[in-house]
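Undergrad: I'm passing along input_16.tsv; it holds TSV, N, CA and C atoms.
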```
chain	number	residue	atom	x	y	z
A	1	MET	N	0.83	-1.18	0.00
A	1	MET	CA	0.00	0.00	0.00
A	1	MET	C	0.89	1.25	0.00
A	2	VAL	N	0.58	2.18	-0.89
A	2	VAL	CA	1.36	3.40	-1.03
A	2	VAL	C	0.67	4.52	-0.26
A	3	ILE	N	1.44	5.17	0.57
A	3	ILE	CA	0.90	6.28	1.35
A	3	ILE	C	1.19	7.57	0.57
A	4	PRO	N	0.13	8.30	0.22
A	4	PRO	CA	0.36	9.54	-0.53
A	4	PRO	C	0.98	10.60	0.38
A	5	PRO	N	1.74	11.53	-0.20
A	5	PRO	CA	2.32	12.59	0.62
A	5	PRO	C	1.22	13.50	1.16
A	6	PRO	N	1.47	14.13	2.29
A	6	PRO	CA	0.43	15.00	2.85
A	6	PRO	C	0.19	16.21	1.95
A	7	VAL	N	-1.04	16.64	1.92
A	7	VAL	CA	-1.41	17.81	1.13
A	7	VAL	C	-1.19	19.04	2.00
A	8	ARG	N	-0.31	19.90	1.54
A	8	ARG	CA	0.01	21.11	2.30
A	8	ARG	C	-0.73	22.30	1.69
A	9	PRO	N	-1.19	23.20	2.52
A	9	PRO	CA	-1.82	24.41	1.97
A	9	PRO	C	-0.75	25.27	1.30
A	10	PRO	N	-1.14	26.09	0.34
A	10	PRO	CA	-0.15	26.95	-0.31
A	10	PRO	C	0.45	27.93	0.69
A	11	ARG	N	1.65	28.34	0.41
A	11	ARG	CA	2.32	29.28	1.30
A	11	ARG	C	1.55	30.59	1.36
A	12	ILE	N	1.43	31.10	2.54
A	12	ILE	CA	0.64	32.32	2.71
A	12	ILE	C	1.39	33.54	2.18
A	13	SER	N	2.71	33.46	2.09
A	13	SER	CA	3.47	34.61	1.60
A	13	SER	C	3.18	34.91	0.14
A	14	GLU	N	2.69	33.92	-0.61
A	14	GLU	CA	2.35	34.18	-2.00
A	14	GLU	C	1.13	35.07	-2.14
A	15	PHE	N	0.31	35.15	-1.09
A	15	PHE	CA	-0.93	35.90	-1.18
A	15	PHE	C	-0.89	37.22	-0.41
A	16	LEU	N	0.04	37.35	0.53
A	16	LEU	CA	0.04	38.56	1.35
A	16	LEU	C	0.54	39.79	0.60
A	17	LYS	N	1.81	39.81	0.27
A	17	LYS	CA	2.39	40.96	-0.40
A	17	LYS	C	3.30	40.47	-1.52
A	18	PRO	N	2.71	40.04	-2.63
A	18	PRO	CA	3.57	39.46	-3.66
A	18	PRO	C	4.39	40.47	-4.44
A	19	TYR	N	3.95	41.72	-4.55
A	19	TYR	CA	4.67	42.71	-5.34
A	19	TYR	C	5.32	43.72	-4.41
A	20	VAL	N	6.62	43.89	-4.55
A	20	VAL	CA	7.39	44.75	-3.65
A	20	VAL	C	8.09	45.83	-4.48
A	21	LEU	N	7.93	47.09	-4.06
A	21	LEU	CA	8.58	48.22	-4.70
A	21	LEU	C	9.96	48.41	-4.08
A	22	LYS	N	10.98	48.47	-4.94
A	22	LYS	CA	12.35	48.72	-4.48
A	22	LYS	C	12.89	49.90	-5.26
A	23	MET	N	13.58	50.80	-4.56
A	23	MET	CA	14.10	52.01	-5.17
A	23	MET	C	15.61	52.08	-4.95
A	24	HIS	N	16.29	52.66	-5.91
A	24	HIS	CA	17.73	52.85	-5.80
A	24	HIS	C	18.07	54.22	-6.37
A	25	PHE	N	18.83	54.98	-5.62
A	25	PHE	CA	19.21	56.33	-6.03
A	25	PHE	C	20.72	56.42	-6.11
A	26	THR	N	21.22	56.88	-7.25
A	26	THR	CA	22.65	57.12	-7.40
A	26	THR	C	22.86	58.62	-7.51
A	27	ASN	N	24.11	59.04	-7.67
A	27	ASN	CA	24.39	60.46	-7.82
A	27	ASN	C	23.93	61.00	-9.18
A	28	LYS	N	23.64	60.10	-10.13
A	28	LYS	CA	23.21	60.54	-11.46
A	28	LYS	C	21.78	60.17	-11.80
A	29	TYR	N	21.28	59.03	-11.29
A	29	TYR	CA	20.01	58.51	-11.77
A	29	TYR	C	19.10	58.05	-10.63
A	30	VAL	N	17.83	57.85	-10.99
A	30	VAL	CA	16.82	57.30	-10.09
A	30	VAL	C	16.29	56.02	-10.72
A	31	HIS	N	16.28	54.94	-9.95
A	31	HIS	CA	15.78	53.66	-10.43
A	31	HIS	C	14.69	53.17	-9.49
A	32	ALA	N	13.63	52.60	-10.05
A	32	ALA	CA	12.57	51.99	-9.24
A	32	ALA	C	12.07	50.76	-9.98
A	33	GLN	N	11.82	49.70	-9.22
A	33	GLN	CA	11.31	48.48	-9.83
A	33	GLN	C	10.37	47.78	-8.87
A	34	VAL	N	9.44	47.03	-9.44
A	34	VAL	CA	8.51	46.23	-8.65
A	34	VAL	C	8.84	44.77	-8.91
A	35	VAL	N	9.11	44.05	-7.83
A	35	VAL	CA	9.54	42.67	-7.92
A	35	VAL	C	8.41	41.76	-7.44
A	36	HIS	N	8.14	40.68	-8.19
A	36	HIS	CA	7.20	39.67	-7.75
A	36	HIS	C	7.97	38.76	-6.80
A	37	ALA	N	7.69	38.87	-5.51
A	37	ALA	CA	8.52	38.22	-4.48
A	37	ALA	C	8.53	36.70	-4.55
A	38	PRO	N	7.41	36.01	-4.77
A	38	PRO	CA	7.48	34.54	-4.79
A	38	PRO	C	8.35	33.98	-5.91
A	39	THR	N	8.37	34.64	-7.06
A	39	THR	CA	9.17	34.13	-8.17
A	39	THR	C	10.46	34.90	-8.38
A	40	ALA	N	10.65	36.00	-7.65
A	40	ALA	CA	11.85	36.84	-7.74
A	40	ALA	C	12.09	37.35	-9.15
A	41	THR	N	11.02	37.75	-9.83
A	41	THR	CA	11.13	38.33	-11.16
A	41	THR	C	10.68	39.78	-11.12
A	42	VAL	N	11.21	40.58	-12.00
A	42	VAL	CA	10.85	41.99	-12.07
A	42	VAL	C	9.55	42.13	-12.86
A	43	ALA	N	8.53	42.67	-12.21
A	43	ALA	CA	7.24	42.85	-12.87
A	43	ALA	C	7.23	44.10	-13.73
A	44	ALA	N	7.81	45.19	-13.22
A	44	ALA	CA	7.88	46.44	-13.97
A	44	ALA	C	9.02	47.27	-13.40
A	45	SER	N	9.60	48.11	-14.24
A	45	SER	CA	10.68	48.97	-13.77
A	45	SER	C	10.66	50.27	-14.55
A	46	ALA	N	11.27	51.28	-13.95
A	46	ALA	CA	11.44	52.57	-14.61
A	46	ALA	C	12.71	53.20	-14.07
A	47	SER	N	13.39	53.92	-14.94
A	47	SER	CA	14.66	54.53	-14.55
A	47	SER	C	14.84	55.83	-15.31
A	48	SER	N	15.52	56.77	-14.69
A	48	SER	CA	15.81	58.02	-15.39
A	48	SER	C	16.97	57.82	-16.36
A	49	GLN	N	17.52	56.63	-16.42
A	49	GLN	CA	18.60	56.31	-17.33
A	49	GLN	C	18.09	55.84	-18.69
A	50	GLU	N	16.79	55.60	-18.83
A	50	GLU	CA	16.22	55.14	-20.09
A	50	GLU	C	16.33	56.24	-21.16
A	51	HIS	N	16.70	55.83	-22.35
A	51	HIS	CA	16.91	56.80	-23.42
A	51	HIS	C	15.63	57.53	-23.81
A	52	ALA	N	14.49	56.87	-23.68
A	52	ALA	CA	13.22	57.51	-24.05
A	52	ALA	C	12.83	58.61	-23.07
A	53	LEU	N	13.30	58.52	-21.83
A	53	LEU	CA	12.91	59.49	-20.81
A	53	LEU	C	13.89	60.65	-20.66
A	54	ARG	N	15.11	60.48	-21.06
A	54	ARG	CA	16.12	61.52	-20.85
A	54	ARG	C	15.78	62.86	-21.50
A	55	PRO	N	15.26	62.91	-22.72
A	55	PRO	CA	14.97	64.24	-23.30
A	55	PRO	C	13.87	65.00	-22.54
A	56	THR	N	12.99	64.29	-21.84
A	56	THR	CA	11.91	64.98	-21.14
A	56	THR	C	12.32	65.51	-19.78
A	57	MET	N	13.50	65.11	-19.30
A	57	MET	CA	13.97	65.55	-17.98
A	57	MET	C	15.15	66.51	-18.15
A	58	GLU	N	15.15	67.55	-17.33
A	58	GLU	CA	16.30	68.45	-17.32
A	58	GLU	C	17.43	67.81	-16.52
A	59	ILE	N	17.09	67.39	-15.30
A	59	ILE	CA	18.06	66.76	-14.40
A	59	ILE	C	17.53	65.36	-14.09
A	60	THR	N	18.40	64.37	-14.12
A	60	THR	CA	17.96	62.99	-13.95
A	60	THR	C	18.10	62.48	-12.52
A	61	ARG	N	18.40	63.33	-11.56
A	61	ARG	CA	18.65	62.84	-10.21
A	61	ARG	C	17.89	63.57	-9.10
A	62	ASP	N	17.05	64.55	-9.44
A	62	ASP	CA	16.40	65.34	-8.40
A	62	ASP	C	15.02	64.79	-8.06
A	63	VAL	N	14.31	65.52	-7.22
A	63	VAL	CA	13.00	65.08	-6.74
A	63	VAL	C	11.98	65.06	-7.88
A	64	ALA	N	12.08	66.01	-8.81
A	64	ALA	CA	11.15	66.02	-9.95
A	64	ALA	C	11.35	64.79	-10.83
A	65	ALA	N	12.59	64.36	-11.01
A	65	ALA	CA	12.86	63.14	-11.78
A	65	ALA	C	12.30	61.93	-11.05
A	66	ALA	N	12.43	61.90	-9.72
A	66	ALA	CA	11.89	60.79	-8.94
A	66	ALA	C	10.37	60.74	-9.06
A	67	ALA	N	9.72	61.89	-9.06
A	67	ALA	CA	8.26	61.92	-9.20
A	67	ALA	C	7.84	61.42	-10.59
A	68	MET	N	8.59	61.79	-11.62
A	68	MET	CA	8.27	61.32	-12.97
A	68	MET	C	8.47	59.81	-13.10
A	69	ILE	N	9.51	59.29	-12.46
A	69	ILE	CA	9.77	57.85	-12.48
A	69	ILE	C	8.62	57.11	-11.78
A	70	GLY	N	8.14	57.63	-10.66
A	70	GLY	CA	7.01	57.01	-9.97
A	70	GLY	C	5.75	57.02	-10.81
A	71	LYS	N	5.51	58.12	-11.52
A	71	LYS	CA	4.33	58.21	-12.38
A	71	LYS	C	4.41	57.19	-13.53
A	72	ILE	N	5.56	57.09	-14.16
A	72	ILE	CA	5.73	56.15	-15.27
A	72	ILE	C	5.63	54.72	-14.78
A	73	LEU	N	6.21	54.44	-13.61
A	73	LEU	CA	6.12	53.08	-13.06
A	73	LEU	C	4.68	52.73	-12.71
A	74	GLY	N	3.92	53.70	-12.19
A	74	GLY	CA	2.51	53.47	-11.91
A	74	GLY	C	1.71	53.14	-13.16
A	75	GLU	N	1.98	53.86	-14.25
A	75	GLU	CA	1.30	53.57	-15.51
A	75	GLU	C	1.64	52.18	-16.03
A	76	ARG	N	2.90	51.79	-15.89
A	76	ARG	CA	3.32	50.47	-16.35
A	76	ARG	C	2.69	49.37	-15.49
A	77	LEU	N	2.54	49.62	-14.20
A	77	LEU	CA	1.90	48.63	-13.32
A	77	LEU	C	0.43	48.47	-13.66
A	78	LEU	N	-0.26	49.58	-13.91
A	78	LEU	CA	-1.67	49.49	-14.26
A	78	LEU	C	-1.85	48.80	-15.62
A	79	PHE	N	-0.90	48.99	-16.53
A	79	PHE	CA	-0.97	48.32	-17.83
A	79	PHE	C	-0.84	46.81	-17.66
A	80	LYS	N	-0.08	46.37	-16.65
A	80	LYS	CA	0.09	44.93	-16.39
A	80	LYS	C	-0.91	44.40	-15.36
A	81	ASN	N	-1.92	45.17	-15.03
A	81	ASN	CA	-2.98	44.78	-14.08
A	81	ASN	C	-2.43	44.43	-12.70
A	82	ILE	N	-1.53	45.26	-12.19
A	82	ILE	CA	-1.02	45.11	-10.83
A	82	ILE	C	-1.56	46.30	-10.03
A	83	PRO	N	-2.59	46.09	-9.20
A	83	PRO	CA	-3.24	47.23	-8.55
A	83	PRO	C	-2.60	47.67	-7.25
A	84	ALA	N	-1.77	46.82	-6.62
A	84	ALA	CA	-1.23	47.17	-5.31
A	84	ALA	C	0.19	46.63	-5.16
A	85	VAL	N	1.02	47.39	-4.44
A	85	VAL	CA	2.38	46.97	-4.13
A	85	VAL	C	2.68	47.29	-2.68
A	86	SER	N	3.66	46.62	-2.13
A	86	SER	CA	4.17	46.98	-0.81
A	86	SER	C	5.53	47.62	-1.01
A	87	VAL	N	5.93	48.46	-0.08
A	87	VAL	CA	7.16	49.23	-0.21
A	87	VAL	C	8.23	48.61	0.67
A	88	SER	N	9.41	48.41	0.10
A	88	SER	CA	10.55	47.90	0.84
A	88	SER	C	11.61	48.99	0.86
A	89	LEU	N	11.81	49.60	2.03
A	89	LEU	CA	12.81	50.66	2.16
A	89	LEU	C	14.09	50.09	2.76
A	90	LYS	N	15.20	50.57	2.27
A	90	LYS	CA	16.48	50.18	2.86
A	90	LYS	C	16.63	50.87	4.20
A	91	ARG	N	17.62	50.46	4.94
A	91	ARG	CA	17.81	51.00	6.29
A	91	ARG	C	18.02	52.50	6.29
A	92	GLU	N	18.79	53.00	5.32
A	92	GLU	CA	19.10	54.43	5.31
A	92	GLU	C	18.01	55.27	4.63
A	93	GLN	N	17.00	54.64	4.04
A	93	GLN	CA	15.95	55.39	3.35
A	93	GLN	C	14.85	55.78	4.33
A	94	ARG	N	14.44	57.03	4.24
A	94	ARG	CA	13.34	57.54	5.03
A	94	ARG	C	12.25	58.02	4.07
A	95	TYR	N	11.04	58.17	4.58
A	95	TYR	CA	9.94	58.67	3.76
A	95	TYR	C	10.09	60.19	3.66
A	96	HIS	N	11.02	60.60	2.79
A	96	HIS	CA	11.35	62.01	2.67
A	96	HIS	C	12.09	62.22	1.35
A	97	GLY	N	11.87	63.34	0.70
A	97	GLY	CA	12.62	63.68	-0.50
A	97	GLY	C	12.25	62.83	-1.70
A	98	LYS	N	13.25	62.17	-2.29
A	98	LYS	CA	13.04	61.39	-3.50
A	98	LYS	C	12.16	60.17	-3.24
A	99	VAL	N	12.33	59.55	-2.09
A	99	VAL	CA	11.51	58.38	-1.73
A	99	VAL	C	10.04	58.79	-1.65
A	100	LYS	N	9.79	59.90	-1.00
A	100	LYS	CA	8.42	60.40	-0.88
A	100	LYS	C	7.85	60.75	-2.26
A	101	ALA	N	8.67	61.32	-3.13
A	101	ALA	CA	8.20	61.69	-4.46
A	101	ALA	C	7.79	60.46	-5.26
A	102	VAL	N	8.59	59.40	-5.20
A	102	VAL	CA	8.26	58.18	-5.95
A	102	VAL	C	6.98	57.56	-5.40
A	103	ILE	N	6.88	57.44	-4.08
A	103	ILE	CA	5.71	56.79	-3.47
A	103	ILE	C	4.45	57.61	-3.70
A	104	ASP	N	4.52	58.92	-3.54
A	104	ASP	CA	3.34	59.76	-3.75
A	104	ASP	C	2.87	59.76	-5.20
A	105	SER	N	3.79	59.75	-6.14
A	105	SER	CA	3.37	59.72	-7.54
A	105	SER	C	2.82	58.36	-7.94
A	106	LEU	N	3.30	57.29	-7.30
A	106	LEU	CA	2.68	55.97	-7.51
A	106	LEU	C	1.24	55.98	-7.00
A	107	ARG	N	1.06	56.58	-5.82
A	107	ARG	CA	-0.28	56.66	-5.24
A	107	ARG	C	-1.19	57.51	-6.11
A	108	ASP	N	-0.67	58.60	-6.67
A	108	ASP	CA	-1.47	59.46	-7.54
A	108	ASP	C	-1.82	58.77	-8.86
A	109	ALA	N	-0.97	57.82	-9.29
A	109	ALA	CA	-1.25	57.09	-10.53
A	109	ALA	C	-2.34	56.05	-10.35
A	110	GLY	N	-2.72	55.76	-9.10
A	110	GLY	CA	-3.80	54.81	-8.86
A	110	GLY	C	-3.35	53.49	-8.28
A	111	ILE	N	-2.10	53.38	-7.85
A	111	ILE	CA	-1.59	52.15	-7.24
A	111	ILE	C	-1.82	52.23	-5.73
A	112	LYS	N	-2.37	51.17	-5.18
A	112	LYS	CA	-2.55	51.11	-3.72
A	112	LYS	C	-1.29	50.59	-3.07
A	113	LEU	N	-0.95	51.16	-1.93
A	113	LEU	CA	0.22	50.73	-1.19
A	113	LEU	C	-0.20	49.90	0.02
A	114	LEU	N	0.41	48.75	0.16
A	114	LEU	CA	0.07	47.85	1.27
A	114	LEU	C	0.99	48.07	2.44
```
Spit out the file's structure as structure tokens when you get a sec.
TA:
Amino acid sequence: MVIPPPVRPPRISEFLKPYVLKMHFTNKYVHAQVVHAPTATVAASASSQEHALRPTMEITRDVAAAAMIGKILGERLLFKNIPAVSVSLKREQRYHGKVKAVIDSLRDAGIKLL
């Protein structure tokens, strides 16, 4: 007689906060991406380093550039039917300046933050 393996419920982490917003700021550029945590794949990303966005920005590293990156990332998320993301801040990041600009413009684009 063969004993079947036990049936385990799916991991709860796949349903809680699957999409995580990660931001990176350098002295020249602003990068933001949304990662699907269970599969560790990038769902959407935006950067001030993209050639299509550079002509529309005067400076690629200030708060206005961060706000534009958040707006573009929000549009790309809505295009891929991702309505909500959770925010992952690094230890040195505070909700101030460029971080606040990205998060607020995502919220204005219609993305819910968990």
Undergrad: What's the separation between atom N of Val35 of chain A and atom N of Tyr19 of chain A, in Å to one decimal place?
TA: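 Separation between atom N of Val35 of chain A and atom N of Tyr19 of chain A: 6.5 Å.
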Undergrad: Considering only C-alpha atoms, state which residue in the set A:Lys98, A:Lys17, A:Arg8, A:Lys112 is at the smallest distance from Ala67 of chain A.
TA: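 Smallest separation from Ala67 of chain A among the options: A:Lys98.
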Undergrad: Would you compute the distance between atom N of Gly74 of chain A and atom CA of Asn27 of chain A? Give it in Å to one decimal.
TA: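 We find that atom N of Gly74 of chain A and atom CA of Asn27 of chain A lie 22.0 Å from each other.
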Undergrad: Residues of chain A in alpha helix (DSSP H) according to DSSP, as an MDAnalysis selection string?
TA: chainID A and resid 13:16 63:79 98:109
Undergrad: Could the residues in this selection be written to a file with N, CA and C atoms, as a short mmCIF file (atom, residue, chain, number, x, y, z; two decimals), keeping the file's coordinate frame?
TA:
```cif
data_model
loop_
_atom_site.label_atom_id
_atom_site.label_comp_id
_atom_site.auth_asym_id
_atom_site.auth_seq_id
_atom_site.Cartn_x
_atom_site.Cartn_y
_atom_site.Cartn_z
N SER A 13 2.71 33.46 2.09
CA SER A 13 3.47 34.61 1.60
C SER A 13 3.18 34.91 0.14
N GLU A 14 2.69 33.92 -0.61
CA GLU A 14 2.35 34.18 -2.00
C GLU A 14 1.13 35.07 -2.14
N PHE A 15 0.31 35.15 -1.09
CA PHE A 15 -0.93 35.90 -1.18
C PHE A 15 -0.89 37.22 -0.41
N LEU A 16 0.04 37.35 0.53
CA LEU A 16 0.04 38.56 1.35
C LEU A 16 0.54 39.79 0.60
N VAL A 63 14.31 65.52 -7.22
CA VAL A 63 13.00 65.08 -6.74
C VAL A 63 11.98 65.06 -7.88
N ALA A 64 12.08 66.01 -8.81
CA ALA A 64 11.15 66.02 -9.95
C ALA A 64 11.35 64.79 -10.83
N ALA A 65 12.59 64.36 -11.01
CA ALA A 65 12.86 63.14 -11.78
C ALA A 65 12.30 61.93 -11.05
N ALA A 66 12.43 61.90 -9.72
CA ALA A 66 11.89 60.79 -8.94
C ALA A 66 10.37 60.74 -9.06
N ALA A 67 9.72 61.89 -9.06
CA ALA A 67 8.26 61.92 -9.20
C ALA A 67 7.84 61.42 -10.59
N MET A 68 8.59 61.79 -11.62
CA MET A 68 8.27 61.32 -12.97
C MET A 68 8.47 59.81 -13.10
N ILE A 69 9.51 59.29 -12.46
CA ILE A 69 9.77 57.85 -12.48
C ILE A 69 8.62 57.11 -11.78
N GLY A 70 8.14 57.63 -10.66
CA GLY A 70 7.01 57.01 -9.97
C GLY A 70 5.75 57.02 -10.81
N LYS A 71 5.51 58.12 -11.52
CA LYS A 71 4.33 58.21 -12.38
C LYS A 71 4.41 57.19 -13.53
N ILE A 72 5.56 57.09 -14.16
CA ILE A 72 5.73 56.15 -15.27
C ILE A 72 5.63 54.72 -14.78
N LEU A 73 6.21 54.44 -13.61
CA LEU A 73 6.12 53.08 -13.06
C LEU A 73 4.68 52.73 -12.71
N GLY A 74 3.92 53.70 -12.19
CA GLY A 74 2.51 53.47 -11.91
C GLY A 74 1.71 53.14 -13.16
N GLU A 75 1.98 53.86 -14.25
CA GLU A 75 1.30 53.57 -15.51
C GLU A 75 1.64 52.18 -16.03
N ARG A 76 2.90 51.79 -15.89
CA ARG A 76 3.32 50.47 -16.35
C ARG A 76 2.69 49.37 -15.49
N LEU A 77 2.54 49.62 -14.20
CA LEU A 77 1.90 48.63 -13.32
C LEU A 77 0.43 48.47 -13.66
N LEU A 78 -0.26 49.58 -13.91
CA LEU A 78 -1.67 49.49 -14.26
C LEU A 78 -1.85 48.80 -15.62
N PHE A 79 -0.90 48.99 -16.53
CA PHE A 79 -0.97 48.32 -17.83
C PHE A 79 -0.84 46.81 -17.66
N LYS A 98 13.25 62.17 -2.29
CA LYS A 98 13.04 61.39 -3.50
C LYS A 98 12.16 60.17 -3.24
N VAL A 99 12.33 59.55 -2.09
CA VAL A 99 11.51 58.38 -1.73
C VAL A 99 10.04 58.79 -1.65
N LYS A 100 9.79 59.90 -1.00
CA LYS A 100 8.42 60.40 -0.88
C LYS A 100 7.85 60.75 -2.26
N ALA A 101 8.67 61.32 -3.13
CA ALA A 101 8.20 61.69 -4.46
C ALA A 101 7.79 60.46 -5.26
N VAL A 102 8.59 59.40 -5.20
CA VAL A 102 8.26 58.18 -5.95
C VAL A 102 6.98 57.56 -5.40
N ILE A 103 6.88 57.44 -4.08
CA ILE A 103 5.71 56.79 -3.47
C ILE A 103 4.45 57.61 -3.70
N ASP A 104 4.52 58.92 -3.54
CA ASP A 104 3.34 59.76 -3.75
C ASP A 104 2.87 59.76 -5.20
N SER A 105 3.79 59.75 -6.14
CA SER A 105 3.37 59.72 -7.54
C SER A 105 2.82 58.36 -7.94
N LEU A 106 3.30 57.29 -7.30
CA LEU A 106 2.68 55.97 -7.51
C LEU A 106 1.24 55.98 -7.00
N ARG A 107 1.06 56.58 -5.82
CA ARG A 107 -0.28 56.66 -5.24
C ARG A 107 -1.19 57.51 -6.11
N ASP A 108 -0.67 58.60 -6.67
CA ASP A 108 -1.47 59.46 -7.54
C ASP A 108 -1.82 58.77 -8.86
N ALA A 109 -0.97 57.82 -9.29
CA ALA A 109 -1.25 57.09 -10.53
C ALA A 109 -2.34 56.05 -10.35
#
```
Undergrad: So which bits of segment 52-108 of chain A end up strand (DSSP E or B) when you DSSP the backbone, as an MDAnalysis selection string?
TA: chainID A and resid 84:87
Undergrad: Go ahead and write the residues just picked, N, CA and C atoms, as a PDB file, in the coordinates of the input.
TA:
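Written output follows (again_3.pdb):
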```pdb
ATOM      1  N   ALA A  84      -1.770  46.820  -6.620  1.00  0.00           N
ATOM      2  CA  ALA A  84      -1.230  47.170  -5.310  1.00  0.00           C
ATOM      3  C   ALA A  84       0.190  46.630  -5.160  1.00  0.00           C
ATOM      4  N   VAL A  85       1.020  47.390  -4.440  1.00  0.00           N
ATOM      5  CA  VAL A  85       2.380  46.970  -4.130  1.00  0.00           C
ATOM      6  C   VAL A  85       2.680  47.290  -2.680  1.00  0.00           C
ATOM      7  N   SER A  86       3.660  46.620  -2.130  1.00  0.00           N
ATOM      8  CA  SER A  86       4.170  46.980  -0.810  1.00  0.00           C
ATOM      9  C   SER A  86       5.530  47.620  -1.010  1.00  0.00           C
ATOM     10  N   VAL A  87       5.930  48.460  -0.080  1.00  0.00           N
ATOM     11  CA  VAL A  87       7.160  49.230  -0.210  1.00  0.00           C
ATOM     12  C   VAL A  87       8.230  48.610   0.670  1.00  0.00           C
TER      13      VAL A  87
END
```
Undergrad: What's around segment 83-86 of chain A at 7 Å? Count only N, CA and C atoms, leave out sequence neighbours fewer than 3 positions away in its own chain, and write the answer as a list of chain:residue names.
TA: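 Neighbouring residues, sequence-local ones excluded: A:Lys17, A:Pro18, A:Tyr19, A:Val20, A:Leu21, A:Lys22, A:Leu77, A:Leu78, A:Lys80, A:Gly110, A:Ile111, A:Lys112, A:Leu113, A:Leu114.
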Undergrad: Generate a file of the selected residues that holds N, CA and C atoms, formatted as an mmCIF file, keeping the file's coordinate frame.
TA:
```cif
data_model
loop_
_atom_site.group_PDB
_atom_site.id
_atom_site.type_symbol
_atom_site.label_atom_id
_atom_site.label_comp_id
_atom_site.auth_asym_id
_atom_site.auth_seq_id
_atom_site.Cartn_x
_atom_site.Cartn_y
_atom_site.Cartn_z
ATOM 1 N N LYS A 17 1.810 39.810 0.270
ATOM 2 C CA LYS A 17 2.390 40.960 -0.400
ATOM 3 C C LYS A 17 3.300 40.470 -1.520
ATOM 4 N N PRO A 18 2.710 40.040 -2.630
ATOM 5 C CA PRO A 18 3.570 39.460 -3.660
ATOM 6 C C PRO A 18 4.390 40.470 -4.440
ATOM 7 N N TYR A 19 3.950 41.720 -4.550
ATOM 8 C CA TYR A 19 4.670 42.710 -5.340
ATOM 9 C C TYR A 19 5.320 43.720 -4.410
ATOM 10 N N VAL A 20 6.620 43.890 -4.550
ATOM 11 C CA VAL A 20 7.390 44.750 -3.650
ATOM 12 C C VAL A 20 8.090 45.830 -4.480
ATOM 13 N N LEU A 21 7.930 47.090 -4.060
ATOM 14 C CA LEU A 21 8.580 48.220 -4.700
ATOM 15 C C LEU A 21 9.960 48.410 -4.080
ATOM 16 N N LYS A 22 10.980 48.470 -4.940
ATOM 17 C CA LYS A 22 12.350 48.720 -4.480
ATOM 18 C C LYS A 22 12.890 49.900 -5.260
ATOM 19 N N LEU A 77 2.540 49.620 -14.200
ATOM 20 C CA LEU A 77 1.900 48.630 -13.320
ATOM 21 C C LEU A 77 0.430 48.470 -13.660
ATOM 22 N N LEU A 78 -0.260 49.580 -13.910
ATOM 23 C CA LEU A 78 -1.670 49.490 -14.260
ATOM 24 C C LEU A 78 -1.850 48.800 -15.620
ATOM 25 N N LYS A 80 -0.080 46.370 -16.650
ATOM 26 C CA LYS A 80 0.090 44.930 -16.390
ATOM 27 C C LYS A 80 -0.910 44.400 -15.360
ATOM 28 N N GLY A 110 -2.720 55.760 -9.100
ATOM 29 C CA GLY A 110 -3.800 54.810 -8.860
ATOM 30 C C GLY A 110 -3.350 53.490 -8.280
ATOM 31 N N ILE A 111 -2.100 53.380 -7.850
ATOM 32 C CA ILE A 111 -1.590 52.150 -7.240
ATOM 33 C C ILE A 111 -1.820 52.230 -5.730
ATOM 34 N N LYS A 112 -2.370 51.170 -5.180
ATOM 35 C CA LYS A 112 -2.550 51.110 -3.720
ATOM 36 C C LYS A 112 -1.290 50.590 -3.070
ATOM 37 N N LEU A 113 -0.950 51.160 -1.930
ATOM 38 C CA LEU A 113 0.220 50.730 -1.190
ATOM 39 C C LEU A 113 -0.200 49.900 0.020
ATOM 40 N N LEU A 114 0.410 48.750 0.160
ATOM 41 C CA LEU A 114 0.070 47.850 1.270
ATOM 42 C C LEU A 114 0.990 48.070 2.440
#
```
Undergrad: Between atom N of Ile69 of chain A and atom CA of Arg91 of chain A, measure the distance and give it in Å to one decimal.
TA: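 Computing the Euclidean distance for atom N of Ile69 of chain A and atom CA of Arg91 of chain A yields 22.1 Å.
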Undergrad: Taking only N, CA and C atoms into account, which of A:Val87, A:Ala52, A:Leu73, A:Ile82 comes nearest Leu106 of chain A?
TA: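 Nearest candidate to Leu106 of chain A out of A:Val87, A:Ala52, A:Leu73, A:Ile82: A:Leu73.
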Undergrad: Extending 4 Å beyond the listed atoms of segment 50-55 of chain A on each side, what axis-aligned box results? I want centre and edge lengths in Å to one decimal, as JSON.
TA:
```
{"center_x": 14.9, "center_y": 60.1, "center_z": -21.4, "size_x": 12.1, "size_y": 17.9, "size_z": 13.2}
```
Undergrad: Just checking: using only C-alpha atoms, which residue out of A:Ser105, A:Ala37, A:Lys71, A:Phe25 ends up closest to Gln49 of chain A?
TA: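 Looking only at the distances to Gln49 of chain A, the closest residue turns out to be A:Phe25.
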Undergrad: Which residues, written as a PyMOL selection string, have at least one atom at most 8 Å from Ser45 of chain A, with only C-alpha atoms counted and residues fewer than 4 positions away on the same chain left out?
TA: chain A and resi 31-34+73+76
Undergrad: Please dump the current selection as an mmCIF file, in the coordinates of the input; keep N, CA and C atoms.
TA:
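Saved the output as result.cif:
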```
data_model
loop_
_atom_site.group_PDB
_atom_site.id
_atom_site.type_symbol
_atom_site.label_atom_id
_atom_site.label_comp_id
_atom_site.auth_asym_id
_atom_site.auth_seq_id
_atom_site.Cartn_x
_atom_site.Cartn_y
_atom_site.Cartn_z
ATOM 1 N N HIS A 31 16.280 54.940 -9.950
ATOM 2 C CA HIS A 31 15.780 53.660 -10.430
ATOM 3 C C HIS A 31 14.690 53.170 -9.490
ATOM 4 N N ALA A 32 13.630 52.600 -10.050
ATOM 5 C CA ALA A 32 12.570 51.990 -9.240
ATOM 6 C C ALA A 32 12.070 50.760 -9.980
ATOM 7 N N GLN A 33 11.820 49.700 -9.220
ATOM 8 C CA GLN A 33 11.310 48.480 -9.830
ATOM 9 C C GLN A 33 10.370 47.780 -8.870
ATOM 10 N N VAL A 34 9.440 47.030 -9.440
ATOM 11 C CA VAL A 34 8.510 46.230 -8.650
ATOM 12 C C VAL A 34 8.840 44.770 -8.910
ATOM 13 N N LEU A 73 6.210 54.440 -13.610
ATOM 14 C CA LEU A 73 6.120 53.080 -13.060
ATOM 15 C C LEU A 73 4.680 52.730 -12.710
ATOM 16 N N ARG A 76 2.900 51.790 -15.890
ATOM 17 C CA ARG A 76 3.320 50.470 -16.350
ATOM 18 C C ARG A 76 2.690 49.370 -15.490
#
```
